[in-house]
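*Asks:* Take this structure, written in structure tokens, and hold onto it; I'll ask about it next.
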Amino acid sequence: MSMIQPSGAVFPRSSGHQNGLKVFLLLFSGFGLACLSGCWESPSAHSSSPRVFRNILCTTGMAGDMVAEVAGPDVSVQVLMGPGVDPHLFSPSPQDVEKMALADAIVYSGLHLEAGLSAYLERLSRKNPHVYALADGIADRDQLIRVAHELYDPHFWNDLELWQAAALSLGEKLAEWNPEQATGYQSRAAAYAARLAELQEWGRSEIARIPESRRILITAHDAFGYLGRSLNIEVEAVQGISTNTEASIRTIEDLVEAIVTRQIPAIFSESSVSDKSVRAIIDGCQRRGHDLKLGGVLYSDALGPPGSGAETFVGMYRSNVNAMVSGLSD
Ligand SMILES: [Zn+2]
């Protein structure tokens, strides 16, 4: 397994002086992001010489974990959005723009998860074949949760069948980018997918241990729709599929009513989202005489910090399922 490089560790590559010039132009010309999609072009798009993939930049930790697993030990993976960072609200710093300019390839999650980068990344991916959205690896769009016309719930890593499909597609994409290493990419993708299949089976059997009347997950924002669908647990959230709007008082009152009526024991906060609305629901239930407990912190849209047990995707998923089972079973 290759290591995900700490943010800021940039791997040198053969055309470094050209990139250095691009970065200089980016940082000092003031064009920033708007310029980058025009400035950064793939050398391999214009040259017959093989491109070396040593430095892949990923937006989220979940994407970074998958790329590290599938790309193997020869590739350095950097992640833009570390533990606790909300991808819905993320906007890049000049240093992030520099990292994007220096990367040999960019892999992002997609479906507008990275709202502040979405338009830029989609535009860039049309010009540059080495910018790829993992969500594009889901061939059957009917498997995604549609929330409006042409708008899908972006949290598809929480359905491990979809995340497996994304891993296998990533293996094919890397093989297309670097055919010399195709066999390695494909076999590592298959091994990772097999681990995810086992993880999903484990998750289903764990969630089934929660008494049926208590099998309801209430969280700050709607990041667990895919998990609910795949593990057979009802899901409610204070905010919608993005965190960019305030929770409404009406939604909080409706949830308090439902929790008190059904005697739901626990609600969950999220590592990358403010727990303000969750606290408001706990207070509301307390005023109604129902002692709603905080079931723990879920890792919804970002991996956990080192030592948390959730610093890998598999660890994150296990940590979330364990928190749900212990919070709702007592
Ligand atoms: Zn989210």
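In the structure tokens, chains take letters A, B, ... by order of appearance, with residues numbered from 1 within each chain and ligands from 1 in the order shown.
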Per residue of chain A within 10 Å of ligand 1, what are the shortest atom pair and its distance in Å to one decimal, counting only C-alpha atoms and all ligand atoms, with rows by chain and residue number, as JSON lines?

*Replies:*
{"residue": "A:Asp86", "atom": "CA", "partner": "ligand 1", "partner_atom_place_in_ligand_line": "1 (Zn)", "distance": 7.3}
{"residue": "A:Pro87", "atom": "CA", "partner": "ligand 1", "partner_atom_place_in_ligand_line": "1 (Zn)", "distance": 7.1}
{"residue": "A:His88", "atom": "CA", "partner": "ligand 1", "partner_atom_place_in_ligand_line": "1 (Zn)", "distance": 6.3}
{"residue": "A:Leu89", "atom": "CA", "partner": "ligand 1", "partner_atom_place_in_ligand_line": "1 (Zn)", "distance": 9.5}
{"residue": "A:Leu113", "atom": "CA", "partner": "ligand 1", "partner_atom_place_in_ligand_line": "1 (Zn)", "distance": 6.9}
{"residue": "A:Glu114", "atom": "CA", "partner": "ligand 1", "partner_atom_place_in_ligand_line": "1 (Zn)", "distance": 9.4}
{"residue": "A:Asp153", "atom": "CA", "partner": "ligand 1", "partner_atom_place_in_ligand_line": "1 (Zn)", "distance": 8.7}
{"residue": "A:Pro154", "atom": "CA", "partner": "ligand 1", "partner_atom_place_in_ligand_line": "1 (Zn)", "distance": 7.3}
{"residue": "A:His155", "atom": "CA", "partner": "ligand 1", "partner_atom_place_in_ligand_line": "1 (Zn)", "distance": 6.3}
{"residue": "A:Ala220", "atom": "CA", "partner": "ligand 1", "partner_atom_place_in_ligand_line": "1 (Zn)", "distance": 9.6}
{"residue": "A:His221", "atom": "CA", "partner": "ligand 1", "partner_atom_place_in_ligand_line": "1 (Zn)", "distance": 6.6}
{"residue": "A:Asp222", "atom": "CA", "partner": "ligand 1", "partner_atom_place_in_ligand_line": "1 (Zn)", "distance": 6.6}
{"residue": "A:Ala223", "atom": "CA", "partner": "ligand 1", "partner_atom_place_in_ligand_line": "1 (Zn)", "distance": 4.9}
{"residue": "A:Phe224", "atom": "CA", "partner": "ligand 1", "partner_atom_place_in_ligand_line": "1 (Zn)", "distance": 8.6}
{"residue": "A:Gln239", "atom": "CA", "partner": "ligand 1", "partner_atom_place_in_ligand_line": "1 (Zn)", "distance": 9.6}
{"residue": "A:Gly240", "atom": "CA", "partner": "ligand 1", "partner_atom_place_in_ligand_line": "1 (Zn)", "distance": 8.5}
{"residue": "A:Ile241", "atom": "CA", "partner": "ligand 1", "partner_atom_place_in_ligand_line": "1 (Zn)", "distance": 5.7}
{"residue": "A:Ser242", "atom": "CA", "partner": "ligand 1", "partner_atom_place_in_ligand_line": "1 (Zn)", "distance": 5.3}
{"residue": "A:Thr243", "atom": "CA", "partner": "ligand 1", "partner_atom_place_in_ligand_line": "1 (Zn)", "distance": 6.6}
{"residue": "A:Asn244", "atom": "CA", "partner": "ligand 1", "partner_atom_place_in_ligand_line": "1 (Zn)", "distance": 9.6}
{"residue": "A:Glu270", "atom": "CA", "partner": "ligand 1", "partner_atom_place_in_ligand_line": "1 (Zn)", "distance": 9.7}
{"residue": "A:Ser272", "atom": "CA", "partner": "ligand 1", "partner_atom_place_in_ligand_line": "1 (Zn)", "distance": 8.7}
{"residue": "A:Val273", "atom": "CA", "partner": "ligand 1", "partner_atom_place_in_ligand_line": "1 (Zn)", "distance": 8.6}
{"residue": "A:Ser300", "atom": "CA", "partner": "ligand 1", "partner_atom_place_in_ligand_line": "1 (Zn)", "distance": 6.5}
{"residue": "A:Asp301", "atom": "CA", "partner": "ligand 1", "partner_atom_place_in_ligand_line": "1 (Zn)", "distance": 5.3}
{"residue": "A:Ala302", "atom": "CA", "partner": "ligand 1", "partner_atom_place_in_ligand_line": "1 (Zn)", "distance": 9.0}

*Asks:* Just C-alpha atoms for this one: save the residues we selected as an mmCIF file, in the first residue's frame.

*Replies:*
data_model
loop_
_atom_site.group_PDB
_atom_site.id
_atom_site.type_symbol
_atom_site.label_atom_id
_atom_site.label_comp_id
_atom_site.auth_asym_id
_atom_site.auth_seq_id
_atom_site.Cartn_x
_atom_site.Cartn_y
_atom_site.Cartn_z
ATOM 1 C CA ASP A 86 -16.042 20.204 4.614
ATOM 2 C CA PRO A 87 -15.813 19.655 0.833
ATOM 3 C CA HIS A 88 -19.137 21.453 0.234
ATOM 4 C CA LEU A 89 -17.650 24.687 1.601
ATOM 5 C CA LEU A 113 -19.402 17.471 -3.855
ATOM 6 C CA GLU A 114 -16.504 19.889 -4.276
ATOM 7 C CA ASP A 153 -26.529 12.930 -3.940
ATOM 8 C CA PRO A 154 -22.700 13.145 -4.045
ATOM 9 C CA HIS A 155 -21.975 10.929 -0.978
ATOM 10 C CA ALA A 220 -26.457 17.008 10.850
ATOM 11 C CA HIS A 221 -26.488 16.822 7.048
ATOM 12 C CA ASP A 222 -27.778 14.273 4.591
ATOM 13 C CA ALA A 223 -24.549 12.368 3.889
ATOM 14 C CA PHE A 224 -25.766 8.868 4.700
ATOM 15 C CA GLN A 239 -29.658 19.788 6.554
ATOM 16 C CA GLY A 240 -29.892 18.574 2.966
ATOM 17 C CA ILE A 241 -27.164 16.944 0.866
ATOM 18 C CA SER A 242 -25.031 20.082 1.115
ATOM 19 C CA THR A 243 -24.003 22.096 4.187
ATOM 20 C CA ASN A 244 -24.187 25.482 2.487
ATOM 21 C CA GLU A 270 -20.203 14.870 12.032
ATOM 22 C CA SER A 272 -16.601 18.058 9.200
ATOM 23 C CA VAL A 273 -19.893 19.821 10.022
ATOM 24 C CA SER A 300 -19.263 11.875 6.803
ATOM 25 C CA ASP A 301 -17.292 13.827 4.198
ATOM 26 C CA ALA A 302 -13.677 13.612 5.423
#

*Asks:* Can you list, as a short mmCIF file (atom, residue, chain, number, x, y, z; two decimals) with N, CA and C atoms, in the first residue's frame, every protein, DNA or RNA residue that comes within 12 Å of Ala310 in chain A when you count only C-alpha atoms, leaving out same-chain residues fewer than 3 positions away?

*Replies:*
data_model
loop_
_atom_site.label_atom_id
_atom_site.label_comp_id
_atom_site.auth_asym_id
_atom_site.auth_seq_id
_atom_site.Cartn_x
_atom_site.Cartn_y
_atom_site.Cartn_z
N GLY A 61 -10.07 12.92 1.23
CA GLY A 61 -9.31 11.80 1.78
C GLY A 61 -9.81 10.46 1.28
N MET A 62 -11.14 10.37 1.05
CA MET A 62 -11.69 9.10 0.56
C MET A 62 -11.15 8.79 -0.84
N ASP A 65 -7.42 7.87 -0.53
CA ASP A 65 -7.22 6.52 -0.04
C ASP A 65 -7.37 5.52 -1.19
N PRO A 83 -8.48 16.04 7.30
CA PRO A 83 -9.49 15.72 8.33
C PRO A 83 -10.25 16.97 8.77
N GLY A 84 -11.55 16.84 8.90
CA GLY A 84 -12.38 17.94 9.40
C GLY A 84 -12.74 18.99 8.37
N SER A 271 -17.80 14.97 11.85
CA SER A 271 -16.47 15.56 12.09
C SER A 271 -16.22 16.82 11.25
N VAL A 297 -19.41 10.82 17.04
CA VAL A 297 -19.07 11.62 15.85
C VAL A 297 -18.92 10.69 14.66
N LEU A 298 -19.61 11.00 13.58
CA LEU A 298 -19.47 10.23 12.34
C LEU A 298 -18.54 10.98 11.40
N TYR A 299 -17.79 10.21 10.62
CA TYR A 299 -16.95 10.81 9.59
C TYR A 299 -17.75 10.76 8.30
N SER A 300 -18.37 11.89 7.96
CA SER A 300 -19.26 11.87 6.80
C SER A 300 -18.53 12.20 5.52
N ASP A 301 -17.85 13.35 5.47
CA ASP A 301 -17.29 13.83 4.20
C ASP A 301 -15.78 13.99 4.24
N ALA A 302 -15.14 13.52 5.32
CA ALA A 302 -13.68 13.61 5.42
C ALA A 302 -13.18 12.45 6.27
N LEU A 303 -11.98 11.97 5.98
CA LEU A 303 -11.38 10.94 6.82
C LEU A 303 -11.05 11.54 8.19
N GLY A 304 -10.75 10.68 9.16
CA GLY A 304 -10.34 11.14 10.47
C GLY A 304 -8.85 11.46 10.52
N PRO A 305 -8.41 12.13 11.60
CA PRO A 305 -6.98 12.44 11.74
C PRO A 305 -6.18 11.17 12.09
N PRO A 306 -4.85 11.21 11.92
CA PRO A 306 -4.02 10.06 12.28
C PRO A 306 -4.28 9.63 13.72
N GLY A 307 -4.40 8.34 13.93
CA GLY A 307 -4.63 7.81 15.28
C GLY A 307 -6.09 7.68 15.65
N PHE A 313 -10.10 4.80 4.42
CA PHE A 313 -11.53 4.69 4.09
C PHE A 313 -12.18 3.53 4.83
N VAL A 314 -11.50 2.38 4.84
CA VAL A 314 -12.07 1.21 5.52
C VAL A 314 -12.25 1.51 7.02
N GLY A 315 -11.25 2.17 7.62
CA GLY A 315 -11.35 2.55 9.03
C GLY A 315 -12.48 3.53 9.29
N MET A 316 -12.66 4.48 8.39
CA MET A 316 -13.74 5.47 8.50
C MET A 316 -15.12 4.77 8.50
N TYR A 317 -15.28 3.85 7.56
CA TYR A 317 -16.56 3.15 7.42
C TYR A 317 -16.84 2.29 8.66
N ARG A 318 -15.81 1.58 9.10
CA ARG A 318 -15.97 0.74 10.30
C ARG A 318 -16.30 1.59 11.52
N SER A 319 -15.59 2.72 11.66
CA SER A 319 -15.80 3.60 12.79
C SER A 319 -17.25 4.12 12.79
N ASN A 320 -17.76 4.50 11.61
CA ASN A 320 -19.13 4.99 11.52
C ASN A 320 -20.15 3.92 11.90
N VAL A 321 -19.96 2.71 11.36
CA VAL A 321 -20.91 1.63 11.67
C VAL A 321 -20.85 1.28 13.16
N ASN A 322 -19.65 1.23 13.71
CA ASN A 322 -19.53 0.92 15.15
C ASN A 322 -20.23 1.98 15.99
N ALA A 323 -20.09 3.27 15.62
CA ALA A 323 -20.75 4.36 16.38
C ALA A 323 -22.27 4.22 16.28
#

*Asks:* Between A:Gly64, A:Pro211, A:Ala280, A:Tyr226, single out the one closest to Arg250 in chain A, counting only C-alpha atoms.

*Replies:* A:Ala280

*Asks:* Just to confirm, what's the straight-line distance from CA of Leu294 in chain A to CA of Glu257 in chain A in Å (one decimal)?

*Replies:*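 Separation of CA of Leu294 in chain A and CA of Glu257 in chain A: 17.1 Å.
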
*Asks:* At most 12 Å is the cut-off: for each residue in range 108-211 of chain A with any atom that close to an atom of range 215-218 of chain A, write down the nearest atom pair and the distance in Å rounded to one decimal, counting only C-alpha atoms, chain first then increasing number, as CSV.

*Replies:*
residue,atom,partner,partner_atom,distance
A:Glu206,CA,A:Arg215,CA,11.3
A:Ile207,CA,A:Arg215,CA,7.7
A:Ala208,CA,A:Arg215,CA,8.4
A:Arg209,CA,A:Arg215,CA,9.2
A:Ile210,CA,A:Arg215,CA,5.9
A:Pro211,CA,A:Arg215,CA,6.3

*Asks:* Write the residues of the preceding selection, restricted to C-alpha atoms, as a compact mmCIF listing (two decimals), in the first residue's frame.

*Replies:*
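That gives us result-v7.txt:
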# COMPACT_ATOMS: atom_id res chain seq x y z
CA GLU A 206 -23.67 -5.12 12.30
CA ILE A 207 -26.58 -2.78 11.49
CA ALA A 208 -28.97 -5.77 11.66
CA ARG A 209 -28.04 -6.06 15.37
CA ILE A 210 -29.81 -2.75 16.13
CA PRO A 211 -33.43 -3.41 17.21

*Asks:* Report the closest atom pair, with its distance in Å rounded to one decimal, for each residue of range 211-239 of chain A that has an atom no farther than 10 Å from range 188-201 of chain A; count only C-alpha atoms, sort by chain and then rising residue number, and write it as JSON lines.

*Replies:*
{"residue": "A:Leu227", "atom": "CA", "partner": "A:Gln200", "partner_atom": "CA", "distance": 9.6}
{"residue": "A:Ser230", "atom": "CA", "partner": "A:Gln200", "partner_atom": "CA", "distance": 8.2}
{"residue": "A:Leu231", "atom": "CA", "partner": "A:Gln200", "partner_atom": "CA", "distance": 7.8}

*Asks:* Store the residues picked out above, limited to N, CA and C atoms, as a PDB file, in the first residue's frame.

*Replies:*
ATOM      1  N   LEU A 227     -25.671   4.991   2.535  1.00  0.00           N
ATOM      2  CA  LEU A 227     -25.427   4.004   3.582  1.00  0.00           C
ATOM      3  C   LEU A 227     -26.762   3.414   4.050  1.00  0.00           C
ATOM      4  N   SER A 230     -28.040   0.979   1.459  1.00  0.00           N
ATOM      5  CA  SER A 230     -27.285  -0.268   1.289  1.00  0.00           C
ATOM      6  C   SER A 230     -27.238  -1.114   2.558  1.00  0.00           C
ATOM      7  N   LEU A 231     -27.402  -0.479   3.745  1.00  0.00           N
ATOM      8  CA  LEU A 231     -27.311  -1.258   4.991  1.00  0.00           C
ATOM      9  C   LEU A 231     -28.671  -1.417   5.685  1.00  0.00           C
TER      10      LEU A 231
END

*Asks:* So which one's closest to Leu292 in chain A, A:Ala119, A:Leu174, A:Val147, A:Leu328? Using only C-alpha atoms, please.

*Replies:*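 Nearest to Leu292 in chain A: A:Leu328.
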
*Asks:* Using only C-alpha atoms, which of A:Val325, A:Ala135, A:Ile267, A:Val75 sits nearest Phe53 in chain A?

*Replies:* A:Val75

*Asks:* I need the helix (DSSP H, G or I) residues of range 9-232 of chain A per DSSP on the backbone, written as an MDAnalysis selection string.

*Replies:* chainID A and resid 16:29 32:39 43:46 61:71 94:102 115:127 134:137 141:143 156:158 160:177 179:207 212:214 225:231

*Asks:* For the selection just defined, write its residues with C-alpha atoms to a file, as a CSV table (one decimal), in the first residue's frame.

*Replies:*
chain,number,residue,atom,x,y,z
A,16,GLY,CA,9.8,20.8,-13.3
A,17,HIS,CA,11.2,24.0,-14.7
A,18,GLN,CA,8.1,24.4,-17.0
A,19,ASN,CA,5.8,23.8,-14.0
A,20,GLY,CA,7.8,26.2,-11.9
A,21,LEU,CA,7.1,28.9,-14.6
A,22,LYS,CA,3.4,28.1,-14.6
A,23,VAL,CA,3.2,28.3,-10.8
A,24,PHE,CA,5.1,31.6,-10.9
A,25,LEU,CA,2.6,32.9,-13.4
A,26,LEU,CA,-0.3,31.6,-11.4
A,27,LEU,CA,0.8,33.0,-8.1
A,28,PHE,CA,2.0,36.3,-9.3
A,29,SER,CA,-0.1,37.2,-12.3
A,32,GLY,CA,-5.5,32.3,-10.1
A,33,LEU,CA,-8.1,29.6,-10.7
A,34,ALA,CA,-9.6,31.3,-13.8
A,35,CYS,CA,-6.2,31.1,-15.4
A,36,LEU,CA,-5.2,27.6,-14.3
A,37,SER,CA,-7.6,25.8,-16.6
A,38,GLY,CA,-6.1,27.6,-19.6
A,39,CYS,CA,-2.5,27.5,-18.4
A,43,PRO,CA,2.2,17.3,-21.9
A,44,SER,CA,1.0,13.9,-23.1
A,45,ALA,CA,-1.9,15.5,-25.0
A,46,HIS,CA,0.7,17.0,-27.3
A,61,GLY,CA,-9.3,11.8,1.8
A,62,MET,CA,-11.7,9.1,0.6
A,63,ALA,CA,-10.6,9.6,-3.0
A,64,GLY,CA,-6.9,9.8,-1.9
A,65,ASP,CA,-7.2,6.5,0.0
A,66,MET,CA,-8.6,4.8,-3.1
A,67,VAL,CA,-6.0,6.2,-5.5
A,68,ALA,CA,-3.2,5.2,-3.1
A,69,GLU,CA,-4.6,1.7,-2.9
A,70,VAL,CA,-5.1,1.3,-6.7
A,71,ALA,CA,-2.1,3.3,-8.0
A,94,PRO,CA,-3.0,29.9,-3.5
A,95,GLN,CA,-1.0,26.9,-2.2
A,96,ASP,CA,-3.8,24.6,-3.3
A,97,VAL,CA,-3.8,26.1,-6.8
A,98,GLU,CA,0.0,25.6,-6.9
A,99,LYS,CA,-0.5,21.9,-5.9
A,100,MET,CA,-3.1,21.5,-8.7
A,101,ALA,CA,-0.7,23.0,-11.2
A,102,LEU,CA,2.2,20.7,-10.2
A,115,ALA,CA,-18.9,22.8,-5.0
A,116,GLY,CA,-16.2,25.5,-5.0
A,117,LEU,CA,-14.1,23.6,-7.5
A,118,SER,CA,-16.8,21.8,-9.5
A,119,ALA,CA,-17.1,24.1,-12.4
A,120,TYR,CA,-13.4,24.5,-12.7
A,121,LEU,CA,-12.7,20.8,-12.5
A,122,GLU,CA,-15.3,19.9,-15.0
A,123,ARG,CA,-14.0,22.5,-17.4
A,124,LEU,CA,-10.5,21.3,-16.9
A,125,SER,CA,-11.4,17.6,-17.4
A,126,ARG,CA,-12.9,18.4,-20.8
A,127,LYS,CA,-9.5,19.9,-21.9
A,134,LEU,CA,-14.5,9.0,-9.5
A,135,ALA,CA,-18.3,9.4,-9.9
A,136,ASP,CA,-17.8,9.1,-13.7
A,137,GLY,CA,-16.8,5.5,-13.0
A,141,ARG,CA,-26.6,6.6,-13.3
A,142,ASP,CA,-29.8,4.9,-12.0
A,143,GLN,CA,-27.8,3.5,-9.2
A,156,PHE,CA,-21.8,7.7,-3.0
A,157,TRP,CA,-18.7,6.3,-1.1
A,158,ASN,CA,-21.2,5.3,1.5
A,160,LEU,CA,-19.8,0.2,-1.0
A,161,GLU,CA,-21.1,-1.4,-4.2
A,162,LEU,CA,-20.8,2.0,-5.9
A,163,TRP,CA,-17.4,2.6,-4.3
A,164,GLN,CA,-16.3,-0.8,-5.6
A,165,ALA,CA,-17.4,0.1,-9.1
A,166,ALA,CA,-15.5,3.4,-8.8
A,167,ALA,CA,-12.4,1.5,-7.7
A,168,LEU,CA,-12.6,-0.8,-10.7
A,169,SER,CA,-13.2,2.1,-13.1
A,170,LEU,CA,-10.2,4.0,-11.5
A,171,GLY,CA,-8.0,0.9,-12.2
A,172,GLU,CA,-9.1,1.1,-15.9
A,173,LYS,CA,-8.5,4.8,-16.0
A,174,LEU,CA,-5.0,4.6,-14.6
A,175,ALA,CA,-4.3,1.7,-17.0
A,176,GLU,CA,-5.4,4.0,-19.9
A,177,TRP,CA,-3.1,6.8,-18.6
A,179,PRO,CA,-0.5,1.2,-20.0
A,180,GLU,CA,2.8,-0.1,-18.9
A,181,GLN,CA,1.5,-0.5,-15.4
A,182,ALA,CA,-2.0,-1.7,-16.4
A,183,THR,CA,-1.9,-5.1,-14.8
A,184,GLY,CA,-0.8,-3.7,-11.5
A,185,TYR,CA,-3.5,-1.1,-11.4
A,186,GLN,CA,-6.2,-3.6,-12.4
A,187,SER,CA,-5.2,-6.2,-9.9
A,188,ARG,CA,-4.9,-3.7,-7.0
A,189,ALA,CA,-8.3,-2.3,-7.9
A,190,ALA,CA,-9.8,-5.8,-7.8
A,191,ALA,CA,-8.2,-6.5,-4.4
A,192,TYR,CA,-9.5,-3.2,-3.0
A,193,ALA,CA,-13.0,-3.9,-4.4
A,194,ALA,CA,-13.0,-7.4,-2.8
A,195,ARG,CA,-12.1,-5.8,0.6
A,196,LEU,CA,-15.0,-3.3,0.1
A,197,ALA,CA,-17.4,-6.2,-0.6
A,198,GLU,CA,-16.4,-7.9,2.7
A,199,LEU,CA,-16.7,-4.6,4.5
A,200,GLN,CA,-20.3,-4.1,3.2
A,201,GLU,CA,-21.3,-7.6,4.3
A,202,TRP,CA,-19.8,-6.8,7.8
A,203,GLY,CA,-21.7,-3.5,7.9
A,204,ARG,CA,-25.0,-5.2,7.0
A,205,SER,CA,-24.7,-7.8,9.7
A,206,GLU,CA,-23.7,-5.1,12.3
A,207,ILE,CA,-26.6,-2.8,11.5
A,212,GLU,CA,-35.6,-2.6,14.2
A,213,SER,CA,-37.6,0.2,15.9
A,214,ARG,CA,-34.4,2.0,16.7
A,225,GLY,CA,-28.6,8.3,2.2
A,226,TYR,CA,-26.4,5.7,0.3
A,227,LEU,CA,-25.4,4.0,3.6
A,228,GLY,CA,-29.1,3.8,4.7
A,229,ARG,CA,-30.1,2.3,1.3
A,230,SER,CA,-27.3,-0.3,1.3
A,231,LEU,CA,-27.3,-1.3,5.0

*Asks:* Counting only C-alpha atoms, what is within 8 Å of His290 in chain A, bar same-chain residues fewer than 4 positions away, as a PyMOL selection string?

*Replies:* chain A and resi 260+263+285-286

*Asks:* Next, dump the selected residues to file, keeping only C-alpha atoms, as an mmCIF file, in the first residue's frame.

*Replies:*
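Saved result, again.cif, follows:
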data_model
loop_
_atom_site.group_PDB
_atom_site.id
_atom_site.type_symbol
_atom_site.label_atom_id
_atom_site.label_comp_id
_atom_site.auth_asym_id
_atom_site.auth_seq_id
_atom_site.Cartn_x
_atom_site.Cartn_y
_atom_site.Cartn_z
ATOM 1 C CA VAL A 260 -39.814 12.157 21.036
ATOM 2 C CA GLN A 263 -38.330 7.428 21.548
ATOM 3 C CA CYS A 285 -35.896 16.908 23.098
ATOM 4 C CA GLN A 286 -34.735 17.684 26.649
#

*Asks:* Measure the distance from CA of Ser109 in chain A to CA of Gly295 in chain A in Å and round it to one decimal.

*Replies:* 27.8 Å

*Asks:* Given only C-alpha atoms as the basis, pick out the residue of A:Leu111, A:Ala247, A:Ile282, A:Ala103 nearest to Ala133 in chain A.

*Replies:*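 Looking only at the distances to Ala133 in chain A, the closest residue turns out to be A:Leu111.
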
*Asks:* Residues within 9 Å of Val256 in chain A, please, as a list in words. Count only C-alpha atoms; anything in the same chain fewer than 2 positions from it doesn't count.

*Replies:*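 Contacts, in chain order: Thr251, Ile252, Glu253, Asp254, Ala258, Ile259, Val260, Thr261, Ile281, Ile282, Gly284, Cys285 and Arg288 of chain A.
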
*Asks:* How about saving the chosen residues, C-alpha atoms kept, as a PDB file, in the first residue's frame?

*Replies:*
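The resulting file, selection-v2.pdb, is shown below:
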ATOM      1  CA  THR A 251     -36.991  21.049  10.266  1.00  0.00           C
ATOM      2  CA  ILE A 252     -35.542  21.040  13.784  1.00  0.00           C
ATOM      3  CA  GLU A 253     -39.049  21.122  15.323  1.00  0.00           C
ATOM      4  CA  ASP A 254     -40.246  18.294  13.044  1.00  0.00           C
ATOM      5  CA  ALA A 258     -40.406  12.522  15.490  1.00  0.00           C
ATOM      6  CA  ILE A 259     -37.607  11.654  17.948  1.00  0.00           C
ATOM      7  CA  VAL A 260     -39.814  12.157  21.036  1.00  0.00           C
ATOM      8  CA  THR A 261     -42.745  10.233  19.501  1.00  0.00           C
ATOM      9  CA  ILE A 281     -32.309  19.034  18.622  1.00  0.00           C
ATOM     10  CA  ILE A 282     -30.859  17.572  21.843  1.00  0.00           C
ATOM     11  CA  GLY A 284     -35.470  20.546  22.073  1.00  0.00           C
ATOM     12  CA  CYS A 285     -35.896  16.908  23.098  1.00  0.00           C
ATOM     13  CA  ARG A 288     -39.957  17.703  25.967  1.00  0.00           C
TER      14      ARG A 288
END

*Asks:* How far is it from CA of Arg54 in chain A to CA of Tyr108 in chain A, in Å with one decimal?

*Replies:*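 It comes out at 16.8 Å.
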
*Asks:* Rank nothing, just name the residue among A:Ile264, A:Thr312, A:Ile138, A:Val238 nearest to Lys276 in chain A, using only C-alpha atoms.

*Replies:* A:Val238

*Asks:* Write down as a ChimeraX atom specification the residues belonging to range 23-265 of chain A that are assigned strand (DSSP E or B) by DSSP computed on the backbone.

*Replies:* /A:55-58,76-79,105-108,131-133,146-148,151-152,216-221,234-239
